[in-house]
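Report on the structure given below.
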Amino acid sequence: MATTRPRKQRGTDSGPSPGRISDWLSLIRPHLEQYRMLPWGQQSEFIDKLSKSSGYNANTLRRYIAAAELLEGFGITAFPPNLKRMPVAAIEVISRISKKDPARGRVLLNNLMSGLGTIIDLKDELSDLPKRKRATGPKPSRPLSKREFFGELDEIESFIREAGAARWLPRERWLIPFTDWPGPKEMFSKTAGPVLIYVLLDGRFAVVFDERGLAWASSPAMVTREFLRNVAVAATMFDAVVVFSDVLQEDLARVTDSMRHDVRGRIVLRQMPLRIKPSDLKHLKEN
């Protein structure tokens, strides 16, 4: 007589699977800020305590946190009320796509929030992306000629005028790398900080950000959040903030729209590449 193997009971400490809850974002967001403020060692203890109180295992909660941080980087703090289900796995695939193509990642996330696309579609798109080659270091670019440099400097000065700081523009131009600025650089995260400082009159400064230098491969959500935060902080410290950006235009517009009018007026967004690099300043000085 054939015997049947008894069905194994699911352990209570394993917790629900990530796909079992329809609104995991609402579950994790109240704990997100507290988690981020803790040192790395204490974060693990925090996760363990949350696991015991919520019934979700630690790995599931870490997945929720990583996905919530990615969504927050794109300005999403809650799911649309008509969205029936949002698998964590779908957010994780979009995160991997964003590391290779941030603009495409945003499009896919918007589609997902609108109820379009499936996890299978996302995985297919990820598999179709070209494999990342082993890093060999950035190709050295030709330094700008003096004519090209001053042409770029004219553009930056026009943006400073647009920000209302024309009266502090000096006759003798003075542009320095942000790393040489004597001010409180610790106010800005190193992963997404400014690149250049334009020295104005009366001890004033204008600051320049360049999106192209962001390290997307590390964590798109974190880099986006830090870049937006740095721009917002700069608007309270500098007389003009010039931001060269393409992918994050919508995010920057959303952040600036929430600012006071006098602070928002100091920021100039430009969807064009910044050609001047800190190394160009050294090259021109030596020549």
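Going through the structure tokens in order, the chains are called A, B, and so on, while each chain numbers its residues from 1 and the ligands are numbered from 1 in the order shown.
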Picked from range 10-105 of chain A by DSSP as alpha helix (DSSP H), as a PyMOL selection string: chain A and resi 24-37+40-54+58-73+88-100+102-105
Those residues you just picked out, can you put them in a file as a compact mmCIF listing (two decimals), in the first residue's frame with C-alpha atoms?
```txt
# COMPACT_ATOMS: atom_id res chain seq x y z
CA TRP A 24 4.64 46.14 1.48
CA LEU A 25 5.65 49.78 0.94
CA SER A 26 3.21 50.97 3.61
CA LEU A 27 4.58 48.29 5.91
CA ILE A 28 8.22 49.34 5.62
CA ARG A 29 8.14 53.11 5.12
CA PRO A 30 7.43 54.00 8.79
CA HIS A 31 10.69 52.25 9.69
CA LEU A 32 12.83 53.48 6.77
CA GLU A 33 14.20 56.71 8.23
CA GLN A 34 15.07 55.13 11.58
CA TYR A 35 16.87 52.30 9.79
CA ARG A 36 18.94 54.71 7.69
CA MET A 37 20.01 56.74 10.72
CA TRP A 40 25.68 49.56 9.99
CA GLY A 41 26.07 47.16 12.94
CA GLN A 42 22.89 48.39 14.62
CA GLN A 43 20.92 48.09 11.38
CA SER A 44 21.14 44.31 11.60
CA GLU A 45 19.82 44.39 15.17
CA PHE A 46 17.00 46.68 14.04
CA ILE A 47 16.06 44.26 11.26
CA ASP A 48 16.03 41.33 13.68
CA LYS A 49 13.70 43.14 16.09
CA LEU A 50 11.41 44.21 13.24
CA SER A 51 11.36 40.65 11.98
CA LYS A 52 10.11 39.35 15.33
CA SER A 53 7.43 42.02 15.63
CA SER A 54 6.18 41.87 12.03
CA ALA A 58 15.05 39.45 7.95
CA ASN A 59 15.92 38.87 4.30
CA THR A 60 12.39 39.82 3.20
CA LEU A 61 12.58 43.04 5.20
CA ARG A 62 15.94 43.92 3.67
CA ARG A 63 14.41 43.45 0.22
CA TYR A 64 11.52 45.72 1.20
CA ILE A 65 13.94 48.40 2.43
CA ALA A 66 16.11 48.29 -0.71
CA ALA A 67 13.04 48.47 -2.96
CA ALA A 68 11.51 51.31 -0.90
CA GLU A 69 14.73 53.30 -1.16
CA LEU A 70 14.77 52.86 -4.94
CA LEU A 71 11.17 54.08 -5.16
CA GLU A 72 11.93 57.03 -2.89
CA GLY A 73 14.81 57.98 -5.17
CA VAL A 88 9.28 43.33 -4.90
CA ALA A 89 11.04 41.24 -7.54
CA ALA A 90 9.85 43.66 -10.24
CA ILE A 91 11.43 46.61 -8.39
CA GLU A 92 14.65 44.63 -7.99
CA VAL A 93 14.84 43.96 -11.75
CA ILE A 94 14.22 47.65 -12.50
CA SER A 95 17.02 48.51 -10.06
CA ARG A 96 19.42 46.34 -12.06
CA ILE A 97 18.27 47.90 -15.33
CA SER A 98 18.68 51.40 -13.84
CA LYS A 99 22.32 50.71 -13.06
CA LYS A 100 22.92 50.29 -16.79
CA PRO A 102 18.83 55.14 -15.53
CA ALA A 103 16.48 56.79 -18.03
CA ARG A 104 15.04 53.44 -19.12
CA GLY A 105 14.65 52.40 -15.51
```
Residue neighbourhood Pro81 in chain A, 12 Å, only C-alpha atoms, exclusion window fewer than 4 positions, as a PDB file with N, CA and C atoms, in the first residue's frame:
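File around.pdb, as written:
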```pdb
ATOM      1  N   SER A  22       0.173  42.851  -0.403  1.00  0.00           N
ATOM      2  CA  SER A  22      -0.105  43.710  -1.552  1.00  0.00           C
ATOM      3  C   SER A  22       0.522  45.088  -1.404  1.00  0.00           C
ATOM      4  N   ASP A  23       0.665  45.576  -0.164  1.00  0.00           N
ATOM      5  CA  ASP A  23       1.222  46.913   0.029  1.00  0.00           C
ATOM      6  C   ASP A  23       2.382  46.858   1.024  1.00  0.00           C
ATOM      7  N   SER A  26       3.807  50.373   2.412  1.00  0.00           N
ATOM      8  CA  SER A  26       3.213  50.971   3.611  1.00  0.00           C
ATOM      9  C   SER A  26       3.724  50.293   4.877  1.00  0.00           C
ATOM     10  N   ARG A  85      -1.248  45.068  -7.125  1.00  0.00           N
ATOM     11  CA  ARG A  85      -0.100  44.304  -6.652  1.00  0.00           C
ATOM     12  C   ARG A  85       1.187  44.879  -7.221  1.00  0.00           C
ATOM     13  N   MET A  86       2.229  44.915  -6.389  1.00  0.00           N
ATOM     14  CA  MET A  86       3.529  45.376  -6.840  1.00  0.00           C
ATOM     15  C   MET A  86       4.601  44.432  -6.293  1.00  0.00           C
ATOM     16  N   MET A 113       3.947  51.387 -12.362  1.00  0.00           N
ATOM     17  CA  MET A 113       3.007  52.090 -11.489  1.00  0.00           C
ATOM     18  C   MET A 113       1.650  52.294 -12.169  1.00  0.00           C
ATOM     19  N   SER A 114       1.659  52.284 -13.484  1.00  0.00           N
ATOM     20  CA  SER A 114       0.407  52.426 -14.235  1.00  0.00           C
ATOM     21  C   SER A 114      -0.262  51.079 -14.512  1.00  0.00           C
ATOM     22  N   GLY A 115       0.344  50.010 -13.987  1.00  0.00           N
ATOM     23  CA  GLY A 115      -0.232  48.689 -14.189  1.00  0.00           C
ATOM     24  C   GLY A 115       0.187  48.027 -15.478  1.00  0.00           C
TER      25      GLY A 115
END
```
DSSP on the backbone: which residues in range 126-228 of chain A end up as strand (DSSP E)? Give the answer as a ChimeraX atom specification. /A:175-177,196-199,205-210
Smallest atom-to-atom distance to Glu226 in chain A: which of A:Phe150, A:Phe188, A:Phe159, A:Phe74, using only C-alpha atoms? A:Phe188
I'd like the neighbourhood of range 227-244 of chain A as a ChimeraX atom specification, where a residue qualifies if any of its atoms comes within 9 Å (using only C-alpha atoms), though same-chain residues fewer than 2 positions away should be ignored. /A:73,156,159-165,187-189,191-194,200,204-212,214,222-225,246,248,251-252,255-256,259,263-274
Using N, CA and C atoms, can you export the residues from the last selection as a short mmCIF file (atom, residue, chain, number, x, y, z; two decimals), in the first residue's frame?
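Written out: selection_17.cif:
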```cif
data_model
loop_
_atom_site.label_atom_id
_atom_site.label_comp_id
_atom_site.auth_asym_id
_atom_site.auth_seq_id
_atom_site.Cartn_x
_atom_site.Cartn_y
_atom_site.Cartn_z
N GLY A 73 13.91 57.26 -4.29
CA GLY A 73 14.81 57.98 -5.17
C GLY A 73 14.11 58.52 -6.41
N ILE A 156 28.35 79.39 -18.31
CA ILE A 156 28.12 79.31 -16.87
C ILE A 156 27.78 80.68 -16.31
N PHE A 159 24.24 81.61 -16.87
CA PHE A 159 23.34 80.93 -15.94
C PHE A 159 23.37 81.59 -14.57
N ILE A 160 24.57 82.07 -14.17
CA ILE A 160 24.68 82.78 -12.90
C ILE A 160 23.86 84.07 -12.95
N ARG A 161 23.88 84.75 -14.08
CA ARG A 161 23.05 85.96 -14.24
C ARG A 161 21.58 85.59 -14.16
N GLU A 162 21.22 84.47 -14.79
CA GLU A 162 19.83 84.02 -14.76
C GLU A 162 19.36 83.73 -13.33
N ALA A 163 20.29 83.31 -12.48
CA ALA A 163 19.96 83.02 -11.08
C ALA A 163 19.90 84.28 -10.23
N GLY A 164 20.12 85.46 -10.85
CA GLY A 164 20.00 86.73 -10.11
C GLY A 164 21.26 87.16 -9.40
N ALA A 165 22.41 86.58 -9.76
CA ALA A 165 23.66 86.92 -9.06
C ALA A 165 24.61 87.72 -9.94
N MET A 187 29.11 69.29 4.24
CA MET A 187 27.66 69.42 4.10
C MET A 187 27.13 68.62 2.91
N PHE A 188 28.03 68.19 2.03
CA PHE A 188 27.62 67.51 0.81
C PHE A 188 28.17 66.09 0.77
N SER A 189 27.33 65.15 0.35
CA SER A 189 27.80 63.77 0.22
C SER A 189 28.77 63.67 -0.95
N THR A 191 29.33 61.19 -2.91
CA THR A 191 28.88 60.40 -4.06
C THR A 191 28.17 61.24 -5.12
N ALA A 192 27.66 62.41 -4.73
CA ALA A 192 26.88 63.20 -5.69
C ALA A 192 27.06 64.70 -5.42
N GLY A 193 28.27 65.09 -5.08
CA GLY A 193 28.52 66.48 -4.72
C GLY A 193 28.76 67.39 -5.91
N PRO A 194 28.94 68.68 -5.66
CA PRO A 194 29.25 69.64 -6.73
C PRO A 194 30.61 69.34 -7.35
N LEU A 200 32.67 84.56 -6.58
CA LEU A 200 32.04 85.84 -6.85
C LEU A 200 32.63 86.92 -5.95
N ARG A 204 31.24 85.76 -1.91
CA ARG A 204 30.11 84.93 -2.35
C ARG A 204 30.58 83.90 -3.37
N PHE A 205 29.76 82.86 -3.56
CA PHE A 205 30.14 81.79 -4.47
C PHE A 205 28.92 81.30 -5.24
N ALA A 206 29.20 80.79 -6.45
CA ALA A 206 28.21 80.03 -7.22
C ALA A 206 28.75 78.61 -7.34
N VAL A 207 27.86 77.63 -7.37
CA VAL A 207 28.28 76.24 -7.40
C VAL A 207 27.71 75.54 -8.63
N VAL A 208 28.46 74.59 -9.16
CA VAL A 208 28.07 73.89 -10.38
C VAL A 208 27.99 72.39 -10.11
N PHE A 209 26.87 71.77 -10.48
CA PHE A 209 26.68 70.32 -10.40
C PHE A 209 26.68 69.74 -11.81
N ASP A 210 27.16 68.50 -11.93
CA ASP A 210 27.17 67.82 -13.23
C ASP A 210 26.69 66.38 -13.03
N GLU A 211 25.52 66.07 -13.58
CA GLU A 211 24.94 64.75 -13.41
C GLU A 211 25.79 63.64 -14.02
N ARG A 212 26.56 63.96 -15.04
CA ARG A 212 27.30 62.92 -15.75
C ARG A 212 28.33 62.22 -14.88
N LEU A 214 27.89 61.14 -11.87
CA LEU A 214 27.29 60.30 -10.83
C LEU A 214 27.61 58.83 -11.06
N MET A 222 20.13 55.56 -4.16
CA MET A 222 20.92 56.35 -3.22
C MET A 222 21.55 57.55 -3.90
N VAL A 223 22.11 57.34 -5.10
CA VAL A 223 22.76 58.43 -5.82
C VAL A 223 21.75 59.52 -6.17
N THR A 224 20.56 59.11 -6.63
CA THR A 224 19.51 60.09 -6.95
C THR A 224 19.13 60.89 -5.72
N ARG A 225 18.90 60.21 -4.62
CA ARG A 225 18.50 60.89 -3.38
C ARG A 225 19.57 61.87 -2.91
N ASP A 246 20.30 65.63 -17.16
CA ASP A 246 19.44 65.11 -18.22
C ASP A 246 18.44 64.11 -17.64
N LEU A 248 17.73 63.32 -14.51
CA LEU A 248 17.01 63.70 -13.29
C LEU A 248 16.26 65.03 -13.41
N ASP A 251 12.93 64.94 -11.49
CA ASP A 251 13.14 64.91 -10.05
C ASP A 251 13.59 66.27 -9.54
N LEU A 252 14.48 66.92 -10.27
CA LEU A 252 14.96 68.24 -9.87
C LEU A 252 13.83 69.27 -9.90
N VAL A 255 11.69 68.81 -6.86
CA VAL A 255 12.33 69.32 -5.64
C VAL A 255 12.29 70.85 -5.61
N THR A 256 12.62 71.48 -6.72
CA THR A 256 12.66 72.95 -6.73
C THR A 256 11.26 73.55 -6.60
N MET A 259 10.28 74.35 -3.06
CA MET A 259 11.09 75.32 -2.31
C MET A 259 10.42 76.69 -2.24
N VAL A 263 14.52 80.91 -2.64
CA VAL A 263 15.54 79.86 -2.73
C VAL A 263 15.50 79.20 -4.10
N ARG A 264 14.30 78.94 -4.60
CA ARG A 264 14.15 78.30 -5.91
C ARG A 264 14.77 79.16 -7.02
N GLY A 265 14.72 80.47 -6.86
CA GLY A 265 15.24 81.36 -7.89
C GLY A 265 16.75 81.29 -8.07
N ARG A 266 17.45 80.71 -7.09
CA ARG A 266 18.91 80.62 -7.19
C ARG A 266 19.34 79.42 -8.04
N ILE A 267 18.42 78.53 -8.36
CA ILE A 267 18.77 77.30 -9.08
C ILE A 267 18.44 77.44 -10.56
N VAL A 268 19.41 77.10 -11.39
CA VAL A 268 19.22 77.10 -12.84
C VAL A 268 19.49 75.69 -13.35
N LEU A 269 18.48 75.07 -13.95
CA LEU A 269 18.61 73.71 -14.48
C LEU A 269 18.89 73.77 -15.98
N ARG A 270 19.87 73.02 -16.41
CA ARG A 270 20.20 73.01 -17.82
C ARG A 270 20.34 71.59 -18.33
N GLN A 271 19.58 71.24 -19.36
CA GLN A 271 19.62 69.90 -19.94
C GLN A 271 20.64 69.87 -21.06
N MET A 272 21.89 70.01 -20.66
CA MET A 272 22.99 70.02 -21.60
C MET A 272 24.24 69.56 -20.86
N PRO A 273 25.22 69.04 -21.57
CA PRO A 273 26.42 68.53 -20.89
C PRO A 273 27.35 69.66 -20.44
N LEU A 274 28.00 69.46 -19.32
CA LEU A 274 29.04 70.37 -18.85
C LEU A 274 30.36 69.86 -19.38
#
```
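Counting only C-alpha atoms, the residue from A:Gly183, A:Pro87, A:Leu175, A:Asp121 that sits nearest to Val195 in chain A is A:Leu175.
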Report the distance between CA of Ile176 in chain A and CA of Ser245 in chain A in Å, rounded to one decimal place. 20.2 Å
Would you mind reading off the distance between CA of Ile276 in chain A and CA of Glu152 in chain A, one decimal, in Å? 6.9 Å
Work out how far apart CA of Gly151 in chain A and CA of Glu172 in chain A are and give it in Å to one decimal.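 Taking CA of Gly151 in chain A as the start and CA of Glu172 in chain A as the end point, the length is 15.1 Å.
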Given only C-alpha atoms as the basis, pick out the residue of A:Leu112, A:Ala221, A:Leu169, A:Val107 nearest to Phe79 in chain A. A:Leu112
